[in-house]
Every structure is written in structure tokens, then in C-alpha cells.
Amino acid sequence: MNALTQYIDLYRAQQSVVNAHAPEALNRRRAAALAALEGMERLPRKGAAGFAAVSLEDMFAPDYGINIARVPFAANERAEFSCDVPNISTASALVVNDEFVPTASLAKALPEGVEVMSLARAAETYPELFAEPVEPRDNPIVALNTLFVQDGVFIRVKRGVRAERPVQLLSIFNAAAPLMAARRIKIIVEDGAQASVLSCDHPRVNDFDYLSCRVVEVTLGTNARLDFYDLEEASPRTARASVLTASMGTGSILNATGIYLNGGTTRNEYYAPLRRPGAQVRLGGMVIAGSGQRVDNATFITHDSPRCISRQLFKYALFDDAEGAFEELVTVCPGADNTDARQTNRNLLASPQARMHAEPQLIINCDEVKASHGATTGQIDEKALFYMRSRGIPEAEARMMLINAFMTDVLDHIELPALRERLRLLTDRRLRGCESTCRDCGIKTERGEA
């Protein structure tokens, strides 16, 4: 039995249980997701087109449990949990496995016109907002998530509202058994509104294998803006398959940055079709990976309307036998005049065993276009290292400083100053070999201390 078959068979056998614990607005999407999965022979393996470092087949093959009956885990809700990032003022909520858990202060922290709630509750309250299928429907991660999703996070910023305080989502696994969680984050920023969302993935216990199958569904209205920051600081036994898909209005701006500091195997995909004039998407990624870690980022941007802008900057620093991949496809369609598309990928191999795969692709079917793309992979500049050592800086410290400087321009794109400086600190700690376990803050949920 391959990995795909076991999930199809599980859903067929437990369809009534899955649907009984989810609203109709989520359930009515499952038939199309099942049909999409049944049309696939198997999940993509490493070496398949677009999968240079990560195998979805291997990622989903283990016999994870899925809590479709919503059985509460025997976990200590008052156990300590802390995160290194909430040193900034945020409106916070937890995602425990796949369940939305608001913090005690969430309601007070939200300004008028901003809603943050359980995805299941939102689907019951606003079913019309869940009428359209999630694209791309034939994507295996999207289809698997849609087949099993029962809860998640819903964020809506109403027309004209500019949310000054970021919304922070702390996603943790809290199960005394191997578990796959189908996590869904739905973000709607209406016309003229602005918001920032910080999503942090952390483990709570490190003794079990976990898999996060996540979809981030973004809808931006006319002249809306979303800054989405995604921090992955999980355990080596945690795998993640994630898709961010965006529907963008005229003149809207999506600024999405992913920071990978620790974890196991990760596949992140970004889909941004620019179908309205003047839309802009800016994608950034920073990866620091070490022994046994596999990190794959894939981006798909389609310019299908005039005067749209896309920018991409992804950087990797790979140590030990880490393996990374960056696959990028920018397509400029006929009629997308005055397109401005630029992509940069820079990779640093800090050991002879590290491996990096880069595949930038640019397809242009329009004349009035500014477009560029490029990828480089190399090692630490030995001349710069020699210069620093000749000034009395120890070799290990000099290497750390050079890699830190290499990553600086990705962090510079983060618009929140407090978050930017916090991530600089975390990056420095990670490069020094310090444990990146969060230690600096405690948060409280409506159930008590988390």
C-alpha cells in the first residue's frame, strides 16, 4: 500500500466520522478533494519533477494517527510553553495539533474590524466565504488537507481597517503518539485593509513523529496588504508539507517571508496568480539547516494582468549533510504588459556533504516585460575568512559572522522592526549551535496557562 492509498482508504472508511465533527461548508469540499487524490497514482517522490530534496511519498508514508473523532488528548494544559518571538506586542492564539485555542487576552487585543476565530466556527457563521474551492485543487497537499481538515484559524480584516498589532499564531503538537494534523489558516483582508500575521511552528514534546499538512489560504481585496511571516523552529522529528495560495485584488500587496531555523523535513509551496492590475507579491525565504534536515521551497507566480510586480529572494545556509532545494517558476502571460518580475536565489554550502538543488524557470509570453532570475551556490569566501582571521577573529566566530551577514538582506525585508531584531537574535543563536528552543515568554489560553 502506498502513502496515498492509506489516506484514501481511511477517509472512505471514516467519512461519516470526519464529517460529523466538521461544518457543512468544509464537508462539501471533500468530494472534489477525494476525486483529485483518486486521480493520482501516488504522491510525488524525491527526484520527480519539482521535488529535488523532499519526497511527499516518504513524508506521508508512516502510519500517523489522525484525530478525526476529536478525542481530547491527555495533555497537561497548564504545562509550560514559551516562544522566543512574542517579545513583541501581538494578538495571540494557539493551534494545538489542529485545534484553535484563543489566548485569554485575544479578544481585548483585537481592534474593531478584526476577527480571529476557529475555522470551524467561521465556516458555520460565514458559509458563503467557503463556497469557492481552494486552488490549486489538483495539488496533493491541498487535496489531503481538504479531505481531513476539521478546524484551524480564520482571520478577517474588514474594509479599510489597518491593524497595527500583528496577529500571532503559535502552532504546537501536543500528543503522546505519532500524529498528522490537517491545519488550515484562512486569511481575508478586505478592500483597503492592512494586516500582519506571524505564524510560529514549535514542538511541545520531542518524543514522537509529527506531520503538519498545512494550507494557508489568503484572499486580498482591492489595495489590501498582508505581511505574512512564517517561522519554523520545530523538532527534528517533525515534518511539514505546506501550501500558501493567494487570491489577489487590484493593487493588492502580499509580502510573505519564511524563516526555517530548525526542524526535520519540510516542503513549502507558494502559489500567487496575479490576475488583477497592479498586484504585487514579494516572497522571501531564509533556511539554516543541519544534520539530517531536508528543506524544499517551491514558488509558482503567474503574471496574468498588466503592471504587476513580483520579487523573490531565497537564501540557504546548509551544514553537515543537510539538503536543500529551491524550485521557482514565473510565467508571464500574453497581455501582462509592464510586468516587473525578479528572482534571486543564493546558497551557501558550509560543509562538503551539504547538497543544494536550484531550478529557476522563467516563461515569458509578452514583449513589454522587465524580468530577471538567477541562482548561485558556493562556499564561504576564503579570502574574507582569511582577512578576518588575520585580524584576530577565531575561525568559528568568523564563519558565523560571514553567514550572518549573508542572511542579512532577507531579514531586512521584514517590516516589523521588533520581529526583525528578534529574528536576528534567533539566527545568531542558531548559527552558534545554541538550542533554539523558545524560552522567553509564557502565554495563557482561555483554558488557563498553556
# chains A, B, ... in the order shown; residues from 1 in each chain; ligands from 1
$ residues_around --residues "Gly284 (chain A)" --least-positions-apart "4" --cutoff "9 Å" --atoms "only C-alpha atoms" --output "MDAnalysis selection string"
chainID A and resid 255:259 311:315 410:411 413
$ write_last_selection --atoms "C-alpha atoms" --output "PDB file, in the first residue's frame"
ATOM      1  CA  ASN A 255       4.672  40.175   1.485  1.00  0.00           C
ATOM      2  CA  ALA A 256       5.424  36.608   2.661  1.00  0.00           C
ATOM      3  CA  THR A 257       8.676  35.569   4.351  1.00  0.00           C
ATOM      4  CA  GLY A 258       9.519  32.083   5.575  1.00  0.00           C
ATOM      5  CA  ILE A 259      12.256  31.530   8.155  1.00  0.00           C
ATOM      6  CA  ARG A 311      10.050  39.812  -6.144  1.00  0.00           C
ATOM      7  CA  GLN A 312      11.672  36.688  -4.740  1.00  0.00           C
ATOM      8  CA  LEU A 313      14.730  36.339  -2.514  1.00  0.00           C
ATOM      9  CA  PHE A 314      15.599  32.941  -1.027  1.00  0.00           C
ATOM     10  CA  LYS A 315      18.847  32.104   0.754  1.00  0.00           C
ATOM     11  CA  VAL A 410      16.341  38.507   3.806  1.00  0.00           C
ATOM     12  CA  LEU A 411      15.747  39.739   7.344  1.00  0.00           C
ATOM     13  CA  HIS A 413      12.646  42.695   4.194  1.00  0.00           C
TER      14      HIS A 413
END
$ residues_around --residues "Val116 (chain A)" --least-positions-apart "3" --cutoff "7 Å" --atoms "only C-alpha atoms" --output "PDB file with N, CA and C atoms, in the first residue's frame"
ATOM      1  N   PHE A 154      -9.275  31.239  11.415  1.00  0.00           N
ATOM      2  CA  PHE A 154      -9.910  32.167  10.483  1.00  0.00           C
ATOM      3  C   PHE A 154      -9.567  33.582  10.930  1.00  0.00           C
ATOM      4  N   ILE A 155      -9.022  34.373   9.997  1.00  0.00           N
ATOM      5  CA  ILE A 155      -8.672  35.769  10.278  1.00  0.00           C
ATOM      6  C   ILE A 155      -9.317  36.635   9.206  1.00  0.00           C
ATOM      7  N   ARG A 156     -10.070  37.660   9.642  1.00  0.00           N
ATOM      8  CA  ARG A 156     -10.638  38.600   8.675  1.00  0.00           C
ATOM      9  C   ARG A 156     -10.406  40.018   9.153  1.00  0.00           C
TER      10      ARG A 156
END
$ residues_around --residues "region 218-223 of chain A" --least-positions-apart "2" --cutoff "6 Å" --atoms "only C-alpha atoms" --output "short mmCIF file (atom, residue, chain, number, x, y, z; two decimals) with C-alpha atoms, in the first residue's frame"
data_model
loop_
_atom_site.label_atom_id
_atom_site.label_comp_id
_atom_site.auth_asym_id
_atom_site.auth_seq_id
_atom_site.Cartn_x
_atom_site.Cartn_y
_atom_site.Cartn_z
CA ILE A 187 -6.94 34.96 5.94
CA ILE A 188 -9.19 37.58 4.36
CA VAL A 189 -8.01 41.20 4.10
CA GLU A 190 -10.77 43.28 2.56
CA ASP A 191 -10.52 46.36 0.31
CA GLY A 192 -8.07 48.97 1.59
CA ALA A 246 -3.18 33.70 -2.66
CA SER A 247 -6.09 35.36 -4.46
CA MET A 248 -5.10 38.98 -5.03
CA GLY A 249 -7.18 42.00 -5.89
CA THR A 250 -6.26 45.09 -7.92
CA GLY A 251 -3.33 46.94 -6.36
CA SER A 252 -3.00 44.46 -3.50
#
$ residues_around --residues "Glu269 (chain A)" --least-positions-apart "6" --cutoff "7 Å" --atoms "only C-alpha atoms" --output "list in words"
Ser242, Val243, Leu244, Asn297, Ala298 and Thr299 of chain A
$ write_last_selection --atoms "C-alpha atoms" --output "compact mmCIF listing (two decimals), in the first residue's frame"
# COMPACT_ATOMS: atom_id res chain seq x y z
CA SER A 242 2.69 23.42 3.48
CA VAL A 243 0.96 25.34 0.69
CA LEU A 244 0.30 29.08 0.71
CA ASN A 297 10.79 25.60 -1.24
CA ALA A 298 8.84 25.87 -4.48
CA THR A 299 7.22 29.03 -5.85
$ residues_around --residues "region 157-173 of chain A" --least-positions-apart "3" --cutoff "9 Å" --atoms "only C-alpha atoms" --output "VMD selection string"
chain A and resid 83 86 88 to 98 109 to 116 153 179 181 187 to 205 210 212 221 224 234 416
$ write_last_selection --atoms "C-alpha atoms" --output "compact mmCIF listing (two decimals), in the first residue's frame"
# COMPACT_ATOMS: atom_id res chain seq x y z
CA CYS A 83 8.12 31.12 22.46
CA PRO A 86 6.33 37.04 21.35
CA ILE A 88 6.60 41.93 20.50
CA SER A 89 3.06 43.13 21.12
CA THR A 90 0.73 40.74 19.33
CA ALA A 91 -2.80 39.38 19.42
CA SER A 92 -2.04 35.70 20.04
CA ALA A 93 -3.74 32.35 19.61
CA LEU A 94 -2.62 28.74 19.76
CA VAL A 95 -3.11 25.97 17.25
CA VAL A 96 -2.81 22.79 19.31
CA ASN A 97 -2.41 19.94 16.81
CA ASP A 98 -5.17 21.30 14.51
CA ALA A 109 -6.01 42.70 21.83
CA LEU A 110 -8.05 42.76 18.62
CA PRO A 111 -9.08 46.18 17.28
CA GLU A 112 -12.56 46.79 15.94
CA GLY A 113 -12.93 45.29 12.49
CA VAL A 114 -10.53 42.38 13.03
CA GLU A 115 -11.84 38.86 13.63
CA VAL A 116 -9.75 35.88 14.74
CA VAL A 153 -7.76 29.53 12.14
CA LEU A 179 0.12 12.39 14.75
CA ALA A 181 -2.60 17.34 11.74
CA ILE A 187 -6.94 34.96 5.94
CA ILE A 188 -9.19 37.58 4.36
CA VAL A 189 -8.01 41.20 4.10
CA GLU A 190 -10.77 43.28 2.56
CA ASP A 191 -10.52 46.36 0.31
CA GLY A 192 -8.07 48.97 1.59
CA ALA A 193 -7.24 47.00 4.75
CA GLN A 194 -3.81 46.04 6.08
CA ALA A 195 -2.64 43.34 8.48
CA SER A 196 0.39 41.39 9.67
CA VAL A 197 0.30 37.72 10.66
CA LEU A 198 3.13 35.86 12.36
CA SER A 199 2.89 32.05 12.28
CA CYS A 200 5.30 30.10 14.51
CA ASP A 201 5.68 26.31 14.40
CA HIS A 202 7.07 24.78 17.59
CA PRO A 203 7.13 21.34 19.18
CA ARG A 204 5.86 20.85 22.70
CA VAL A 205 7.35 17.39 23.12
CA TYR A 210 4.57 14.53 13.82
CA SER A 212 1.83 19.05 9.69
CA GLY A 221 -9.20 42.80 -1.72
CA ALA A 224 -5.25 45.45 0.52
CA ALA A 234 10.28 22.59 15.22
CA LEU A 416 8.14 44.78 11.79
$ closest_atom_pairs --of "region 201-311 of chain A" --to "region 331-341 of chain A" --cutoff "6 Å" --atoms "only C-alpha atoms" --output "CSV"
residue,atom,partner,partner_atom,distance
A:Thr302,CA,A:Thr331,CA,4.8
A:His303,CA,A:Val332,CA,4.7
A:Asp304,CA,A:Cys333,CA,5.2
A:Ser305,CA,A:Ala336,CA,4.5
A:Pro306,CA,A:Ala336,CA,4.2
A:Arg307,CA,A:Asn338,CA,4.8
A:Cys308,CA,A:Thr339,CA,5.2
A:Ile309,CA,A:Asp340,CA,4.8
A:Ser310,CA,A:Ala341,CA,4.7
$ atom_distance --atom1 "CA of Leu274 (chain A)" --atom2 "CA of Tyr229 (chain A)"
20.3 Å
$ atom_distance --atom1 "CA of Leu26 (chain A)" --atom2 "CA of Phe60 (chain A)"
22.3 Å
$ select_by_dssp --residues "region 200-396 of chain A" --states "strand (DSSP E or B)" --output "PDB file with C-alpha atoms, in the first residue's frame"
ATOM      1  CA  CYS A 200       5.301  30.103  14.514  1.00  0.00           C
ATOM      2  CA  ASP A 201       5.682  26.314  14.396  1.00  0.00           C
ATOM      3  CA  HIS A 202       7.070  24.779  17.585  1.00  0.00           C
ATOM      4  CA  PRO A 203       7.125  21.342  19.182  1.00  0.00           C
ATOM      5  CA  TYR A 210       4.570  14.528  13.822  1.00  0.00           C
ATOM      6  CA  LEU A 211       3.393  15.671  10.407  1.00  0.00           C
ATOM      7  CA  SER A 212       1.830  19.050   9.690  1.00  0.00           C
ATOM      8  CA  CYS A 213      -0.229  19.090   6.475  1.00  0.00           C
ATOM      9  CA  ARG A 214      -0.984  22.793   6.220  1.00  0.00           C
ATOM     10  CA  VAL A 215      -2.775  25.120   3.821  1.00  0.00           C
ATOM     11  CA  VAL A 216      -2.669  28.916   4.180  1.00  0.00           C
ATOM     12  CA  GLU A 217      -5.473  30.420   2.106  1.00  0.00           C
ATOM     13  CA  VAL A 218      -5.085  34.185   1.519  1.00  0.00           C
ATOM     14  CA  THR A 219      -7.660  36.494  -0.078  1.00  0.00           C
ATOM     15  CA  LEU A 220      -6.727  40.152  -0.606  1.00  0.00           C
ATOM     16  CA  ARG A 225      -1.954  44.396   2.082  1.00  0.00           C
ATOM     17  CA  LEU A 226      -0.859  41.355   4.093  1.00  0.00           C
ATOM     18  CA  ASP A 227       2.547  40.786   5.657  1.00  0.00           C
ATOM     19  CA  PHE A 228       2.819  37.072   6.477  1.00  0.00           C
ATOM     20  CA  TYR A 229       5.815  35.808   8.440  1.00  0.00           C
ATOM     21  CA  ASP A 230       6.304  32.084   8.887  1.00  0.00           C
ATOM     22  CA  LEU A 231       8.822  30.852  11.479  1.00  0.00           C
ATOM     23  CA  GLU A 232       9.627  27.152  11.610  1.00  0.00           C
ATOM     24  CA  GLU A 233      11.507  26.143  14.730  1.00  0.00           C
ATOM     25  CA  THR A 238       8.535  16.958  12.832  1.00  0.00           C
ATOM     26  CA  ALA A 239       7.758  17.032   9.110  1.00  0.00           C
ATOM     27  CA  ARG A 240       5.777  19.727   7.339  1.00  0.00           C
ATOM     28  CA  ALA A 241       4.079  19.917   3.955  1.00  0.00           C
ATOM     29  CA  SER A 242       2.690  23.417   3.480  1.00  0.00           C
ATOM     30  CA  VAL A 243       0.960  25.343   0.692  1.00  0.00           C
ATOM     31  CA  LEU A 244       0.301  29.078   0.708  1.00  0.00           C
ATOM     32  CA  THR A 245      -2.132  30.116  -2.012  1.00  0.00           C
ATOM     33  CA  ALA A 246      -3.185  33.697  -2.663  1.00  0.00           C
ATOM     34  CA  SER A 247      -6.088  35.360  -4.462  1.00  0.00           C
ATOM     35  CA  MET A 248      -5.098  38.977  -5.032  1.00  0.00           C
ATOM     36  CA  ILE A 253       0.326  43.530  -1.884  1.00  0.00           C
ATOM     37  CA  LEU A 254       1.381  40.207  -0.382  1.00  0.00           C
ATOM     38  CA  ASN A 255       4.672  40.175   1.485  1.00  0.00           C
ATOM     39  CA  ALA A 256       5.424  36.608   2.661  1.00  0.00           C
ATOM     40  CA  THR A 257       8.676  35.569   4.351  1.00  0.00           C
ATOM     41  CA  GLY A 258       9.519  32.083   5.575  1.00  0.00           C
ATOM     42  CA  ILE A 259      12.256  31.530   8.155  1.00  0.00           C
ATOM     43  CA  TYR A 260      13.471  27.960   8.715  1.00  0.00           C
ATOM     44  CA  LEU A 261      15.717  27.638  11.772  1.00  0.00           C
ATOM     45  CA  ASN A 262      15.117  24.061  12.855  1.00  0.00           C
ATOM     46  CA  THR A 265      11.747  17.516   6.593  1.00  0.00           C
ATOM     47  CA  THR A 266       9.913  20.499   5.106  1.00  0.00           C
ATOM     48  CA  ARG A 267       8.193  21.194   1.790  1.00  0.00           C
ATOM     49  CA  ASN A 268       6.805  24.718   1.328  1.00  0.00           C
ATOM     50  CA  GLU A 269       4.895  25.755  -1.792  1.00  0.00           C
ATOM     51  CA  TYR A 270       3.726  29.253  -2.726  1.00  0.00           C
ATOM     52  CA  TYR A 271       1.096  29.985  -5.399  1.00  0.00           C
ATOM     53  CA  ALA A 272       0.391  33.583  -6.400  1.00  0.00           C
ATOM     54  CA  PRO A 273      -1.526  34.118  -9.659  1.00  0.00           C
ATOM     55  CA  LEU A 274      -1.549  37.875 -10.365  1.00  0.00           C
ATOM     56  CA  GLN A 280       2.397  42.813  -6.067  1.00  0.00           C
ATOM     57  CA  VAL A 281       3.837  39.711  -4.432  1.00  0.00           C
ATOM     58  CA  ARG A 282       7.104  39.660  -2.535  1.00  0.00           C
ATOM     59  CA  LEU A 283       8.390  36.280  -1.342  1.00  0.00           C
ATOM     60  CA  GLY A 284      11.398  35.787   0.896  1.00  0.00           C
ATOM     61  CA  GLY A 285      12.962  32.732   2.466  1.00  0.00           C
ATOM     62  CA  MET A 286      15.843  32.005   4.809  1.00  0.00           C
ATOM     63  CA  VAL A 287      16.970  28.439   5.540  1.00  0.00           C
ATOM     64  CA  ILE A 288      19.574  27.324   8.064  1.00  0.00           C
ATOM     65  CA  ALA A 289      19.673  23.527   8.045  1.00  0.00           C
ATOM     66  CA  ARG A 294      15.727  18.448   4.214  1.00  0.00           C
ATOM     67  CA  VAL A 295      14.154  21.743   3.150  1.00  0.00           C
ATOM     68  CA  ASP A 296      12.398  22.309  -0.166  1.00  0.00           C
ATOM     69  CA  ASN A 297      10.787  25.603  -1.235  1.00  0.00           C
ATOM     70  CA  ALA A 298       8.836  25.867  -4.483  1.00  0.00           C
ATOM     71  CA  THR A 299       7.220  29.033  -5.847  1.00  0.00           C
ATOM     72  CA  PHE A 300       4.723  29.459  -8.686  1.00  0.00           C
ATOM     73  CA  ILE A 301       3.935  33.024  -9.776  1.00  0.00           C
ATOM     74  CA  THR A 302       1.777  33.773 -12.804  1.00  0.00           C
ATOM     75  CA  HIS A 303       1.618  37.306 -14.221  1.00  0.00           C
ATOM     76  CA  ILE A 309       5.291  43.140  -9.696  1.00  0.00           C
ATOM     77  CA  SER A 310       6.897  40.043  -8.226  1.00  0.00           C
ATOM     78  CA  ARG A 311      10.050  39.812  -6.144  1.00  0.00           C
ATOM     79  CA  GLN A 312      11.672  36.688  -4.740  1.00  0.00           C
ATOM     80  CA  LEU A 313      14.730  36.339  -2.514  1.00  0.00           C
ATOM     81  CA  PHE A 314      15.599  32.941  -1.027  1.00  0.00           C
ATOM     82  CA  LYS A 315      18.847  32.104   0.754  1.00  0.00           C
ATOM     83  CA  TYR A 316      20.097  28.821   2.205  1.00  0.00           C
ATOM     84  CA  ALA A 317      22.977  28.020   4.553  1.00  0.00           C
ATOM     85  CA  LEU A 318      23.454  24.243   4.719  1.00  0.00           C
ATOM     86  CA  GLU A 323      19.937  19.026   1.668  1.00  0.00           C
ATOM     87  CA  GLY A 324      18.025  21.957   0.237  1.00  0.00           C
ATOM     88  CA  ALA A 325      16.083  22.734  -2.913  1.00  0.00           C
ATOM     89  CA  PHE A 326      14.531  25.807  -4.474  1.00  0.00           C
ATOM     90  CA  GLU A 327      12.282  25.414  -7.487  1.00  0.00           C
ATOM     91  CA  GLU A 328      10.796  28.569  -8.977  1.00  0.00           C
ATOM     92  CA  LEU A 329       8.505  29.159 -11.923  1.00  0.00           C
ATOM     93  CA  VAL A 330       7.487  32.627 -13.100  1.00  0.00           C
ATOM     94  CA  THR A 331       5.105  32.731 -16.046  1.00  0.00           C
ATOM     95  CA  VAL A 332       4.272  35.976 -17.860  1.00  0.00           C
ATOM     96  CA  THR A 339       5.352  43.178 -15.801  1.00  0.00           C
ATOM     97  CA  ASP A 340       8.304  43.523 -13.412  1.00  0.00           C
ATOM     98  CA  ALA A 341       9.499  40.114 -12.168  1.00  0.00           C
ATOM     99  CA  ARG A 342      12.760  39.457 -10.372  1.00  0.00           C
ATOM    100  CA  GLN A 343      14.003  36.354  -8.592  1.00  0.00           C
ATOM    101  CA  THR A 344      17.215  35.714  -6.661  1.00  0.00           C
ATOM    102  CA  ASN A 345      18.432  32.523  -5.019  1.00  0.00           C
ATOM    103  CA  ARG A 346      21.770  32.404  -3.174  1.00  0.00           C
ATOM    104  CA  ASN A 347      23.047  29.291  -1.410  1.00  0.00           C
ATOM    105  CA  LEU A 348      25.966  28.682   0.920  1.00  0.00           C
ATOM    106  CA  LEU A 349      27.350  25.180   1.479  1.00  0.00           C
ATOM    107  CA  ARG A 355      23.729  19.466  -1.109  1.00  0.00           C
ATOM    108  CA  MET A 356      21.657  22.152  -2.836  1.00  0.00           C
ATOM    109  CA  HIS A 357      19.385  21.940  -5.882  1.00  0.00           C
ATOM    110  CA  ALA A 358      18.245  25.126  -7.628  1.00  0.00           C
ATOM    111  CA  GLU A 359      15.927  25.274 -10.610  1.00  0.00           C
ATOM    112  CA  PRO A 360      14.823  28.788 -11.601  1.00  0.00           C
ATOM    113  CA  GLN A 361      12.421  28.956 -14.554  1.00  0.00           C
ATOM    114  CA  LEU A 362      11.091  31.969 -16.414  1.00  0.00           C
ATOM    115  CA  ILE A 363       8.498  31.734 -19.185  1.00  0.00           C
ATOM    116  CA  ILE A 364       7.722  34.993 -20.989  1.00  0.00           C
ATOM    117  CA  VAL A 369       8.437  42.959 -19.583  1.00  0.00           C
ATOM    118  CA  LYS A 370      11.243  43.501 -17.100  1.00  0.00           C
ATOM    119  CA  ALA A 371      12.312  40.106 -15.815  1.00  0.00           C
ATOM    120  CA  SER A 372      15.397  38.501 -14.320  1.00  0.00           C
ATOM    121  CA  HIS A 373      16.237  35.378 -12.387  1.00  0.00           C
ATOM    122  CA  GLY A 374      19.343  33.709 -11.139  1.00  0.00           C
ATOM    123  CA  ALA A 375      20.751  31.217  -8.673  1.00  0.00           C
ATOM    124  CA  THR A 376      24.236  30.740  -7.246  1.00  0.00           C
ATOM    125  CA  THR A 377      25.655  28.068  -4.955  1.00  0.00           C
ATOM    126  CA  GLY A 378      29.073  28.244  -3.341  1.00  0.00           C
TER     127      GLY A 378
END
$ atom_distance --atom1 "CA of Leu385 (chain A)" --atom2 "CA of Glu397 (chain A)"
9.9 Å
$ select_by_dssp --residues "region 6-205 of chain A" --states "alpha helix (DSSP H)" --output "PyMOL selection string"
chain A and resi 6-20+24-27+30-38+56-60+106-109+119-125+140-148
$ closest_residue --among "A:Val71, A:Met40, A:Leu106, A:Phe148" --to "Gln15 (chain A)" --atoms "only C-alpha atoms"
A:Phe148
$ residues_around --residues "Val18 (chain A)" --least-positions-apart "3" --cutoff "8 Å" --atoms "only C-alpha atoms" --output "short mmCIF file (atom, residue, chain, number, x, y, z; two decimals) with N, CA and C atoms, in the first residue's frame"
data_model
loop_
_atom_site.label_atom_id
_atom_site.label_comp_id
_atom_site.auth_asym_id
_atom_site.auth_seq_id
_atom_site.Cartn_x
_atom_site.Cartn_y
_atom_site.Cartn_z
N TYR A 11 -10.23 7.68 4.69
CA TYR A 11 -11.37 8.60 4.56
C TYR A 11 -12.64 7.84 4.16
N GLN A 14 -13.98 6.18 7.19
CA GLN A 14 -14.35 7.03 8.32
C GLN A 14 -15.02 8.34 7.88
N GLN A 15 -15.56 8.36 6.68
CA GLN A 15 -16.15 9.59 6.16
C GLN A 15 -17.21 10.17 7.09
N HIS A 21 -17.80 15.82 12.69
CA HIS A 21 -17.07 16.74 13.56
C HIS A 21 -16.59 17.98 12.81
N ALA A 22 -17.25 18.31 11.73
CA ALA A 22 -16.87 19.49 10.94
C ALA A 22 -18.13 20.12 10.34
N ILE A 68 -9.59 12.30 13.93
CA ILE A 68 -10.82 12.67 13.24
C ILE A 68 -12.03 12.66 14.15
N ALA A 69 -11.97 11.92 15.25
CA ALA A 69 -13.09 11.87 16.19
C ALA A 69 -12.99 12.97 17.24
N PHE A 148 -9.28 16.10 5.08
CA PHE A 148 -9.32 15.81 6.52
C PHE A 148 -9.48 17.03 7.42
N GLN A 150 -10.69 19.77 9.81
CA GLN A 150 -11.88 19.92 10.65
C GLN A 150 -11.86 21.22 11.44
#
$ decode --residues "region 343-365 of chain A" --atoms "N, CA and C atoms" --output "compact mmCIF listing (two decimals), in the first residue's frame"
# COMPACT_ATOMS: atom_id res chain seq x y z
N GLN A 343 13.81 37.47 -9.50
CA GLN A 343 14.00 36.35 -8.59
C GLN A 343 15.48 36.15 -8.33
N THR A 344 15.83 35.95 -7.05
CA THR A 344 17.21 35.71 -6.66
C THR A 344 17.27 34.56 -5.68
N ASN A 345 18.19 33.63 -5.93
CA ASN A 345 18.43 32.52 -5.02
C ASN A 345 19.94 32.40 -4.80
N ARG A 346 20.36 32.51 -3.53
CA ARG A 346 21.77 32.40 -3.17
C ARG A 346 21.92 31.32 -2.11
N ASN A 347 22.90 30.44 -2.29
CA ASN A 347 23.05 29.29 -1.41
C ASN A 347 24.49 29.13 -0.96
N LEU A 348 24.65 28.83 0.32
CA LEU A 348 25.97 28.68 0.92
C LEU A 348 26.09 27.27 1.48
N LEU A 349 27.08 26.52 0.99
CA LEU A 349 27.35 25.18 1.48
C LEU A 349 28.48 25.25 2.49
N ALA A 350 28.13 25.01 3.77
CA ALA A 350 29.11 25.18 4.84
C ALA A 350 29.85 23.88 5.17
N SER A 351 29.58 22.82 4.42
CA SER A 351 30.32 21.57 4.60
C SER A 351 30.38 20.84 3.27
N PRO A 352 31.36 19.94 3.10
CA PRO A 352 31.46 19.21 1.82
C PRO A 352 30.29 18.26 1.59
N GLN A 353 29.59 17.84 2.65
CA GLN A 353 28.50 16.88 2.50
C GLN A 353 27.16 17.54 2.15
N ALA A 354 27.04 18.84 2.36
CA ALA A 354 25.78 19.52 2.10
C ALA A 354 25.46 19.54 0.61
N ARG A 355 24.17 19.50 0.29
CA ARG A 355 23.73 19.47 -1.11
C ARG A 355 22.62 20.49 -1.32
N MET A 356 22.66 21.16 -2.49
CA MET A 356 21.66 22.15 -2.84
C MET A 356 21.24 21.97 -4.29
N HIS A 357 19.93 22.04 -4.53
CA HIS A 357 19.38 21.94 -5.88
C HIS A 357 18.61 23.23 -6.17
N ALA A 358 18.93 23.89 -7.25
CA ALA A 358 18.25 25.13 -7.63
C ALA A 358 17.76 25.02 -9.06
N GLU A 359 16.50 25.37 -9.27
CA GLU A 359 15.93 25.27 -10.61
C GLU A 359 15.03 26.49 -10.88
N PRO A 360 15.64 27.62 -11.24
CA PRO A 360 14.82 28.79 -11.60
C PRO A 360 14.30 28.67 -13.03
N GLN A 361 13.03 29.02 -13.23
CA GLN A 361 12.42 28.96 -14.55
C GLN A 361 11.64 30.23 -14.81
N LEU A 362 11.77 30.74 -16.02
CA LEU A 362 11.09 31.97 -16.41
C LEU A 362 10.51 31.78 -17.81
N ILE A 363 9.19 31.88 -17.90
CA ILE A 363 8.50 31.73 -19.19
C ILE A 363 7.83 33.06 -19.52
N ILE A 364 8.23 33.67 -20.62
CA ILE A 364 7.72 34.99 -20.99
C ILE A 364 6.98 34.91 -22.31
N ASN A 365 5.72 35.29 -22.28
CA ASN A 365 4.90 35.32 -23.50
C ASN A 365 4.34 36.72 -23.74
